[in-house]
Amino acid sequence: MAQPVELPDRIQVGPVIDEGHSLASVSDKISGIVLKRKITLGWVFGLLISFGVLQGLMAGATWLFAKGVGIWGINIPVGWGFAIVNFVWWIGIGHAGTLISAILLLLNQSWRNAINRFAEAMTIFAVMCAGMFPVLHTGRPWLAYWLFPYPNTMDLWPQFRSPLVWDVFAVSTYFTISLVFWYVGLIPDFATLRDSSTQRWKQLAFGFLSLGWRNSARHWQRYEKAALLLAGLSTPLVLSVHTVVSFDFAVAMLPGWHTTIFPPYFVAGAIYSGFAMVLTLMIPARTFYGLEDIITIRHLNNMAKLTLTTGLIVGYGYMMEAFFGYYSADIYEKFMIWNRMTGPYAPFYWVLIFCNVLTPHILWFKRVRTNPLILWFISIVVNIGMWLERFVIVITSLHRDFLPSSWSMYWPTVWDWAVFAGTLGFFMTCIFLFIRALPMITIFELRMLLPGARVEGRQEELVQ
Amino acid sequence: MSVRMIDDFQPLYGLMAEFETATQLVDAARRTREAGFKKFDAFAPFPIHDLDEAMDLHDNRVSLFTLIGGLIGCCGGFGLASWVEGVALPLNIGGRPLIAAPMYIPITFELTVLVGGLTAAISMIIMNGLPSPYHPVFNVERFQATGSKNKFFLCIESADPMFDREMTAGFLESLEPEEVAEVAR
């Protein structure tokens with residue numbers, strides 16, 4: 001049996017879970033946030049602001065349905081404006097959640113146990129936001145079911161040789177499997193909430209959701225198997241989703257898009273922005289709900305390291321884009337990269353380089369990685385940078401294509417902004433409701449990190 | 001030690017012992033199996049891998065069903081794309097092949113994951129006999145209060161051929177539990 005590996009203090013910062021916690025105390029603490037904690041003014045205020053911003057989506061979508069996509073800034077040659085920029089940005093954010101819940105589970109990184117529920121929730125809400133954009137972008141959302149293959153009187157079928165159809169399958173599979181994985185993880189925690197709640201309606205609601213889970217060892221054995229299989233299936237899935245998203249670009253014969261580096265570089269970018277969003281949400285949540293002993297500095301440090309790593313891959317991607325623009329010796333490729341760096345959208349490009357390539361380098365310092373406040377600001381900068389990346393990729397390749405006679409500029413309208421801000425409001429509204437309605441930390445997995453969970457007589461390894 | 005009894009008129013589901021630590025539960029489960037009991041179950045608020053060995057649990061059917069589900073999704077995805085492009089709506093686009101296998105891989109892969117993942121979750125729930133709105137073990141007050149929190153339980157069912165109200169209670173007490181309770185059906 002493997003012995004627990006002790007890393008030197010130089011690398012290790014603090015424990016995964018603070019001393020003094022027992023099986024009962026973690027259960028009470030986390031279920032208490034849902035069951036006992038009073039509704040605070042700050043939470044109501046946050047929810048109301050988010051819900052207010054959400055109205056931008058309602059107004060924007062209503063006007064869009066009435067008038068069509070002409071209310072947006074898109075036209076020829078830039079037919080893919082904010083809708084695609086925001087779609088790619090949101091779906092990328094989701095990727096950190098699946099990475100934490102699936103890939104880190106397979107790699108036996110037990111520190112993830114404290115953050116996976118929250119990150120998975122973020123994934124689900126982000127994919128919901130992402131999914132709205134292509135549907136709205138069709139301009140006829142009531143016909144969105146045409147995207148799926150079904151026998152119809154028109155005798156028409158989707159074109160399976162097109163990456164846009166792959167996207168429909170990739171995103172809907174991603175959403176479904178993420179939701180199923182999340183629910184399976186919630187079942188034992190619903191049972192804990194059912195047994196801890198004192199009000200009848202809560203017992204009924206959580207009892208219904210828990211499916212009558214009774215923590216039987218015979219159930220746990222199959223449960224663990226199913227969780228492992230779901231993790232195994234989700235791991236290639238998460239890599240495939242942004243790969244397919246990148247195919248939307250890479251399969252097109254357009255300078256700046258038609259490159260083989262797109263799939264890995266998109267996946268790294270997705271995880272990069274996803275970890276930034278996890279930090280953006282989790283740093284305030286752990287402070288306001290007093291969870292510093294469960295989501296410790298160690299977690300922030302680890303997430304900051306992953307942010308740095310993926311940020312370096314993204315930086316490499318930008319470098320290679322520029323290099324191959326030059327090395328291709330193709331006049332259009334060369335022009336595209338030159339236009340991106342010095343053309344009308346150059347400020348966006350250089351701000352993006354500042355946000356995504358320069359900023360993460362301060363994460364080399366442990367003092368930065370273990371300071372929640374600085375980390376929070378960096379995460380905001382990275383979120384903005386990753387949004388600009390998608391803007392630059394979508395817009396600069398389209399706005400000046402092969403013939404100068406068809407060159408044009410793209411600027412978003414107020415309706416573009418309303419819909420984008422509206423999805424941010426939708427996302428935050430969901431997060432606020434999630435924090436109060438469901439346990440934001442996986443209670444049963446947290447128990448496994450405690451000394452009380454160790455079975456003596458056999459060296460059950462406890463990875464720190 | 002005394003056994004917490006139920007009323008005489010209530011039918012008996014089994015006998016339940018409560019333990020303080022995971023180690024005791026694993027030990028108790030092993031000894032229960034070695035004593036020859038078949039219909040018994042252990043309860044812990046988190047998965048304990050040593051219990052699988054102690055209770056000799058090795059149900060791999062979830063994996064098998066997931067494999068079958070994944071294969072159905074895989075063949076279905078490739079078949080759907082090939083049938084649509086080759087038979088239902090053959091479009092000649094610049095002479096490119098109709099059955100373009102590499103182009104169908106993303107759909108094939110996504111449907112493999114979709115059907116496989118759904119099968120894994122659903123087969124786990126069904127084979128665990130869930131949803132189960134009622135179960136006798138919850139009639140034990142201590143189990144209801146602490147079973148999903150911090151205590152460990154072992155329950156031997158009265159349906160076990162070796163079960164005897166007094167003898168089995170004596171056996172459970174020999175495992176040094178915190179408490180032994182009768183479980184009403």
# chains A, B, ... in the order shown; residues from 1 in each chain; ligands from 1
>>> closest_atom_pairs(of="chain B", to="chain A", cutoff="7 Å", atoms="only C-alpha atoms", output="Markdown table")
| residue | atom | partner | partner_atom | distance |
| --- | --- | --- | --- | --- |
| B:Ala22 | CA | A:Val455 | CA | 5.8 |
| B:Thr23 | CA | A:Val455 | CA | 4.6 |
| B:Asp41 | CA | A:Ser216 | CA | 6.5 |
| B:Ala42 | CA | A:Ala217 | CA | 5.2 |
| B:Phe43 | CA | A:Ser216 | CA | 4.5 |
| B:Ala44 | CA | A:Asn215 | CA | 5.7 |
| B:Pro45 | CA | A:Asn215 | CA | 5.8 |
| B:Phe46 | CA | A:Phe444 | CA | 5.3 |
| B:Pro47 | CA | A:Trp220 | CA | 5.5 |
| B:Asp52 | CA | A:Gln221 | CA | 6.7 |
| B:Asp59 | CA | A:Arg222 | CA | 6.9 |
| B:Val62 | CA | A:Ala226 | CA | 6.6 |
| B:Ala81 | CA | A:Phe160 | CA | 5.9 |
| B:Val84 | CA | A:Trp157 | CA | 6.7 |
| B:Leu89 | CA | A:Trp157 | CA | 6.8 |
| B:Met103 | CA | A:Arg161 | CA | 5.4 |
| B:Tyr104 | CA | A:Phe160 | CA | 6.7 |
| B:Pro106 | CA | A:Trp166 | CA | 6.2 |
| B:Ile107 | CA | A:Trp166 | CA | 5.9 |
| B:Glu110 | CA | A:Ala170 | CA | 5.9 |
| B:Val113 | CA | A:Leu233 | CA | 5.9 |
| B:Leu114 | CA | A:Thr173 | CA | 5.6 |
| B:Gly117 | CA | A:Leu230 | CA | 5.7 |
| B:Ala120 | CA | A:Ala226 | CA | 5.4 |
| B:Ala121 | CA | A:Ala226 | CA | 6.1 |
| B:Met124 | CA | A:Arg222 | CA | 6.0 |
| B:Asn128 | CA | A:His219 | CA | 5.5 |
| B:Leu130 | CA | A:Leu211 | CA | 5.9 |
| B:Pro131 | CA | A:Leu211 | CA | 4.3 |
| B:Ser132 | CA | A:Gly212 | CA | 5.0 |
| B:Pro133 | CA | A:Gly212 | CA | 5.4 |
| B:Gln144 | CA | A:Asp195 | CA | 6.2 |
| B:Ala145 | CA | A:Asp195 | CA | 6.2 |
| B:Ser148 | CA | A:Thr192 | CA | 5.1 |
| B:Lys149 | CA | A:Ala24 | CA | 5.8 |
| B:Asn150 | CA | A:Leu23 | CA | 5.1 |
>>> write_last_selection(atoms="C-alpha atoms", output="compact mmCIF listing (two decimals), in the first residue's frame")
# COMPACT_ATOMS: atom_id res chain seq x y z
CA ALA B 22 -15.32 3.08 10.67
CA THR B 23 -12.71 0.58 11.82
CA ASP B 41 -25.97 -4.62 5.47
CA ALA B 42 -23.55 -2.02 6.76
CA PHE B 43 -24.29 1.69 6.81
CA ALA B 44 -21.70 4.46 6.76
CA PRO B 45 -22.04 8.16 5.93
CA PHE B 46 -19.36 7.87 3.25
CA PRO B 47 -18.04 5.08 1.03
CA ASP B 52 -16.40 -4.00 -0.04
CA ASP B 59 -21.11 -6.19 -8.21
CA VAL B 62 -23.04 -1.18 -13.49
CA ALA B 81 -24.76 10.05 -39.32
CA VAL B 84 -28.61 10.43 -42.87
CA LEU B 89 -30.34 12.96 -47.64
CA MET B 103 -16.30 13.66 -39.91
CA TYR B 104 -18.66 11.37 -37.99
CA PRO B 106 -17.41 13.75 -32.98
CA ILE B 107 -21.08 12.68 -33.17
CA GLU B 110 -20.62 12.43 -28.00
CA VAL B 113 -20.59 9.42 -23.71
CA LEU B 114 -24.23 10.49 -23.53
CA GLY B 117 -23.16 8.17 -18.84
CA ALA B 120 -24.20 4.40 -15.57
CA ALA B 121 -26.35 6.75 -13.47
CA MET B 124 -26.83 2.49 -10.41
CA ASN B 128 -29.75 0.04 -5.67
CA LEU B 130 -34.00 3.46 -5.52
CA PRO B 131 -36.16 5.45 -5.27
CA SER B 132 -37.35 3.76 -2.09
CA PRO B 133 -39.81 6.01 -0.24
CA GLN B 144 -32.45 8.39 11.56
CA ALA B 145 -30.58 10.97 13.64
CA SER B 148 -26.19 10.09 7.53
CA LYS B 149 -23.91 12.11 9.73
CA ASN B 150 -21.30 10.51 11.94
>>> residues_around(residues="stretch 352-364 of chain A", least_positions_apart="2", cutoff="7 Å", atoms="only C-alpha atoms", output="PyMOL selection string")
chain A and resi 304+308+311+315+348-350+366+368-369+381-382+385-386+388-389
>>> select_by_dssp(residues="stretch 122-180 of chain B", states="helix (DSSP H, G or I)", output="ChimeraX atom specification")
/B:122-127,136-139,141-146,165-174
>>> select_by_dssp(residues="stretch 127-170 of chain B", states="strand (DSSP E)", output="PyMOL selection string")
chain B and resi 152-157
>>> write_last_selection(atoms="N, CA and C atoms", output="PDB file, in the first residue's frame")
ATOM      1  N   PHE B 152     -21.959   4.689  12.538  1.00  0.00           N
ATOM      2  CA  PHE B 152     -21.842   3.550  11.634  1.00  0.00           C
ATOM      3  C   PHE B 152     -22.759   2.441  12.133  1.00  0.00           C
ATOM      4  N   PHE B 153     -23.481   1.787  11.245  1.00  0.00           N
ATOM      5  CA  PHE B 153     -24.484   0.807  11.651  1.00  0.00           C
ATOM      6  C   PHE B 153     -24.320  -0.496  10.876  1.00  0.00           C
ATOM      7  N   LEU B 154     -24.752  -1.561  11.540  1.00  0.00           N
ATOM      8  CA  LEU B 154     -24.767  -2.872  10.889  1.00  0.00           C
ATOM      9  C   LEU B 154     -26.127  -3.490  11.195  1.00  0.00           C
ATOM     10  N   CYS B 155     -26.792  -3.990  10.161  1.00  0.00           N
ATOM     11  CA  CYS B 155     -28.135  -4.530  10.367  1.00  0.00           C
ATOM     12  C   CYS B 155     -28.205  -5.947   9.810  1.00  0.00           C
ATOM     13  N   ILE B 156     -28.628  -6.903  10.642  1.00  0.00           N
ATOM     14  CA  ILE B 156     -28.845  -8.279  10.183  1.00  0.00           C
ATOM     15  C   ILE B 156     -30.348  -8.472  10.061  1.00  0.00           C
ATOM     16  N   GLU B 157     -30.781  -8.904   8.877  1.00  0.00           N
ATOM     17  CA  GLU B 157     -32.219  -9.027   8.629  1.00  0.00           C
ATOM     18  C   GLU B 157     -32.769 -10.311   9.224  1.00  0.00           C
TER      19      GLU B 157
END
>>> closest_residue(among="B:Phe143, B:Phe138, B:Phe109, B:Phe171", to="B:Ala184", atoms="only C-alpha atoms")
B:Phe138
>>> residues_around(residues="A:Gly343", least_positions_apart="3", cutoff="12 Å", atoms="only C-alpha atoms", output="list in words")
Phe335, Met336, Ile337, Trp338, Asn339, Arg340, Ala346, Pro347, Phe348, Tyr349, Trp350, Val392, Ile395, Thr396, Ser397, His399, Arg400 and Met409 of chain A
>>> residues_around(residues="A:Phe247", least_positions_apart="5", cutoff="8 Å", atoms="only C-alpha atoms", output="mmCIF file with N, CA and C atoms, in the first residue's frame")
data_model
loop_
_atom_site.group_PDB
_atom_site.id
_atom_site.type_symbol
_atom_site.label_atom_id
_atom_site.label_comp_id
_atom_site.auth_asym_id
_atom_site.auth_seq_id
_atom_site.Cartn_x
_atom_site.Cartn_y
_atom_site.Cartn_z
ATOM 1 N N PRO A 163 -19.156 21.075 -38.537
ATOM 2 C CA PRO A 163 -18.835 21.232 -37.110
ATOM 3 C C PRO A 163 -19.955 21.906 -36.323
ATOM 4 N N ALA A 252 -13.142 26.128 -40.798
ATOM 5 C CA ALA A 252 -13.399 27.173 -41.794
ATOM 6 C C ALA A 252 -12.085 27.582 -42.461
ATOM 7 N N PHE A 262 -5.630 25.172 -32.746
ATOM 8 C CA PHE A 262 -6.855 25.626 -32.089
ATOM 9 C C PHE A 262 -7.402 24.669 -31.026
ATOM 10 N N PRO A 263 -7.563 23.369 -31.324
ATOM 11 C CA PRO A 263 -8.169 22.523 -30.275
ATOM 12 C C PRO A 263 -7.425 22.545 -28.936
#
>>> residues_around(residues="stretch 36-46 of chain A", least_positions_apart="4", cutoff="12 Å", atoms="only C-alpha atoms", output="PyMOL selection string")
chain A and resi 28-32+50-53+193+196-199+202+284-285+288-290+425+428-437
>>> residues_around(residues="stretch 405-408 of chain A", least_positions_apart="2", cutoff="12 Å", atoms="only C-alpha atoms", output="ChimeraX atom specification")
/A:73-79,344-345,395-403,410-411
>>> decode(residues="stretch 57-85 of chain B", atoms="N, CA and C atoms", output="PDB file, in the first residue's frame")
ATOM      1  N   LEU B  57     -18.279  -7.625  -1.466  1.00  0.00           N
ATOM      2  CA  LEU B  57     -19.137  -6.985  -2.464  1.00  0.00           C
ATOM      3  C   LEU B  57     -18.339  -6.818  -3.746  1.00  0.00           C
ATOM      4  N   HIS B  58     -18.858  -7.401  -4.805  1.00  0.00           N
ATOM      5  CA  HIS B  58     -18.178  -7.175  -6.094  1.00  0.00           C
ATOM      6  C   HIS B  58     -19.193  -7.219  -7.220  1.00  0.00           C
ATOM      7  N   ASP B  59     -20.092  -6.270  -7.179  1.00  0.00           N
ATOM      8  CA  ASP B  59     -21.113  -6.186  -8.208  1.00  0.00           C
ATOM      9  C   ASP B  59     -20.598  -5.285  -9.324  1.00  0.00           C
ATOM     10  N   ASN B  60     -20.278  -5.885 -10.461  1.00  0.00           N
ATOM     11  CA  ASN B  60     -19.727  -5.112 -11.571  1.00  0.00           C
ATOM     12  C   ASN B  60     -20.746  -4.862 -12.669  1.00  0.00           C
ATOM     13  N   ARG B  61     -22.027  -5.114 -12.359  1.00  0.00           N
ATOM     14  CA  ARG B  61     -23.005  -4.996 -13.438  1.00  0.00           C
ATOM     15  C   ARG B  61     -23.166  -3.568 -13.937  1.00  0.00           C
ATOM     16  N   VAL B  62     -22.944  -2.576 -13.034  1.00  0.00           N
ATOM     17  CA  VAL B  62     -23.044  -1.183 -13.495  1.00  0.00           C
ATOM     18  C   VAL B  62     -22.041  -0.946 -14.626  1.00  0.00           C
ATOM     19  N   SER B  63     -20.827  -1.481 -14.464  1.00  0.00           N
ATOM     20  CA  SER B  63     -19.809  -1.316 -15.507  1.00  0.00           C
ATOM     21  C   SER B  63     -20.246  -1.990 -16.793  1.00  0.00           C
ATOM     22  N   LEU B  64     -20.822  -3.182 -16.644  1.00  0.00           N
ATOM     23  CA  LEU B  64     -21.244  -3.917 -17.839  1.00  0.00           C
ATOM     24  C   LEU B  64     -22.330  -3.146 -18.578  1.00  0.00           C
ATOM     25  N   PHE B  65     -23.341  -2.682 -17.828  1.00  0.00           N
ATOM     26  CA  PHE B  65     -24.425  -1.928 -18.472  1.00  0.00           C
ATOM     27  C   PHE B  65     -23.891  -0.664 -19.133  1.00  0.00           C
ATOM     28  N   THR B  66     -22.932  -0.008 -18.460  1.00  0.00           N
ATOM     29  CA  THR B  66     -22.369   1.215 -19.036  1.00  0.00           C
ATOM     30  C   THR B  66     -21.652   0.900 -20.344  1.00  0.00           C
ATOM     31  N   LEU B  67     -20.946  -0.223 -20.350  1.00  0.00           N
ATOM     32  CA  LEU B  67     -20.268  -0.621 -21.589  1.00  0.00           C
ATOM     33  C   LEU B  67     -21.284  -0.843 -22.697  1.00  0.00           C
ATOM     34  N   ILE B  68     -22.373  -1.569 -22.356  1.00  0.00           N
ATOM     35  CA  ILE B  68     -23.393  -1.836 -23.370  1.00  0.00           C
ATOM     36  C   ILE B  68     -24.009  -0.514 -23.844  1.00  0.00           C
ATOM     37  N   GLY B  69     -24.333   0.364 -22.878  1.00  0.00           N
ATOM     38  CA  GLY B  69     -24.911   1.663 -23.234  1.00  0.00           C
ATOM     39  C   GLY B  69     -23.969   2.455 -24.122  1.00  0.00           C
ATOM     40  N   GLY B  70     -22.704   2.469 -23.762  1.00  0.00           N
ATOM     41  CA  GLY B  70     -21.722   3.194 -24.554  1.00  0.00           C
ATOM     42  C   GLY B  70     -21.631   2.652 -25.967  1.00  0.00           C
ATOM     43  N   LEU B  71     -21.663   1.323 -26.087  1.00  0.00           N
ATOM     44  CA  LEU B  71     -21.571   0.726 -27.427  1.00  0.00           C
ATOM     45  C   LEU B  71     -22.815   1.055 -28.258  1.00  0.00           C
ATOM     46  N   ILE B  72     -23.991   1.051 -27.589  1.00  0.00           N
ATOM     47  CA  ILE B  72     -25.208   1.420 -28.312  1.00  0.00           C
ATOM     48  C   ILE B  72     -25.094   2.856 -28.822  1.00  0.00           C
ATOM     49  N   GLY B  73     -24.612   3.755 -27.941  1.00  0.00           N
ATOM     50  CA  GLY B  73     -24.444   5.148 -28.346  1.00  0.00           C
ATOM     51  C   GLY B  73     -23.445   5.280 -29.480  1.00  0.00           C
ATOM     52  N   CYS B  74     -22.379   4.525 -29.386  1.00  0.00           N
ATOM     53  CA  CYS B  74     -21.315   4.574 -30.388  1.00  0.00           C
ATOM     54  C   CYS B  74     -21.848   4.144 -31.758  1.00  0.00           C
ATOM     55  N   CYS B  75     -22.470   2.949 -31.805  1.00  0.00           N
ATOM     56  CA  CYS B  75     -23.001   2.443 -33.076  1.00  0.00           C
ATOM     57  C   CYS B  75     -24.139   3.334 -33.552  1.00  0.00           C
ATOM     58  N   GLY B  76     -24.981   3.760 -32.603  1.00  0.00           N
ATOM     59  CA  GLY B  76     -26.110   4.619 -32.970  1.00  0.00           C
ATOM     60  C   GLY B  76     -25.638   5.928 -33.586  1.00  0.00           C
ATOM     61  N   GLY B  77     -24.620   6.525 -32.992  1.00  0.00           N
ATOM     62  CA  GLY B  77     -24.120   7.802 -33.498  1.00  0.00           C
ATOM     63  C   GLY B  77     -23.546   7.665 -34.888  1.00  0.00           C
ATOM     64  N   PHE B  78     -22.684   6.672 -35.058  1.00  0.00           N
ATOM     65  CA  PHE B  78     -22.068   6.499 -36.376  1.00  0.00           C
ATOM     66  C   PHE B  78     -23.122   6.089 -37.401  1.00  0.00           C
ATOM     67  N   GLY B  79     -24.014   5.187 -36.960  1.00  0.00           N
ATOM     68  CA  GLY B  79     -25.071   4.718 -37.860  1.00  0.00           C
ATOM     69  C   GLY B  79     -25.995   5.838 -38.283  1.00  0.00           C
ATOM     70  N   LEU B  80     -26.377   6.679 -37.320  1.00  0.00           N
ATOM     71  CA  LEU B  80     -27.283   7.787 -37.630  1.00  0.00           C
ATOM     72  C   LEU B  80     -26.660   8.710 -38.676  1.00  0.00           C
ATOM     73  N   ALA B  81     -25.413   9.120 -38.405  1.00  0.00           N
ATOM     74  CA  ALA B  81     -24.760  10.046 -39.320  1.00  0.00           C
ATOM     75  C   ALA B  81     -24.608   9.418 -40.708  1.00  0.00           C
ATOM     76  N   SER B  82     -24.202   8.146 -40.740  1.00  0.00           N
ATOM     77  CA  SER B  82     -23.991   7.489 -42.035  1.00  0.00           C
ATOM     78  C   SER B  82     -25.308   7.332 -42.783  1.00  0.00           C
ATOM     79  N   TRP B  83     -26.366   6.963 -42.043  1.00  0.00           N
ATOM     80  CA  TRP B  83     -27.659   6.744 -42.701  1.00  0.00           C
ATOM     81  C   TRP B  83     -28.204   8.058 -43.236  1.00  0.00           C
ATOM     82  N   VAL B  84     -28.096   9.127 -42.423  1.00  0.00           N
ATOM     83  CA  VAL B  84     -28.612  10.428 -42.871  1.00  0.00           C
ATOM     84  C   VAL B  84     -27.852  10.894 -44.102  1.00  0.00           C
ATOM     85  N   GLU B  85     -26.524  10.833 -44.042  1.00  0.00           N
ATOM     86  CA  GLU B  85     -25.724  11.380 -45.136  1.00  0.00           C
ATOM     87  C   GLU B  85     -25.709  10.459 -46.351  1.00  0.00           C
TER      88      GLU B  85
END
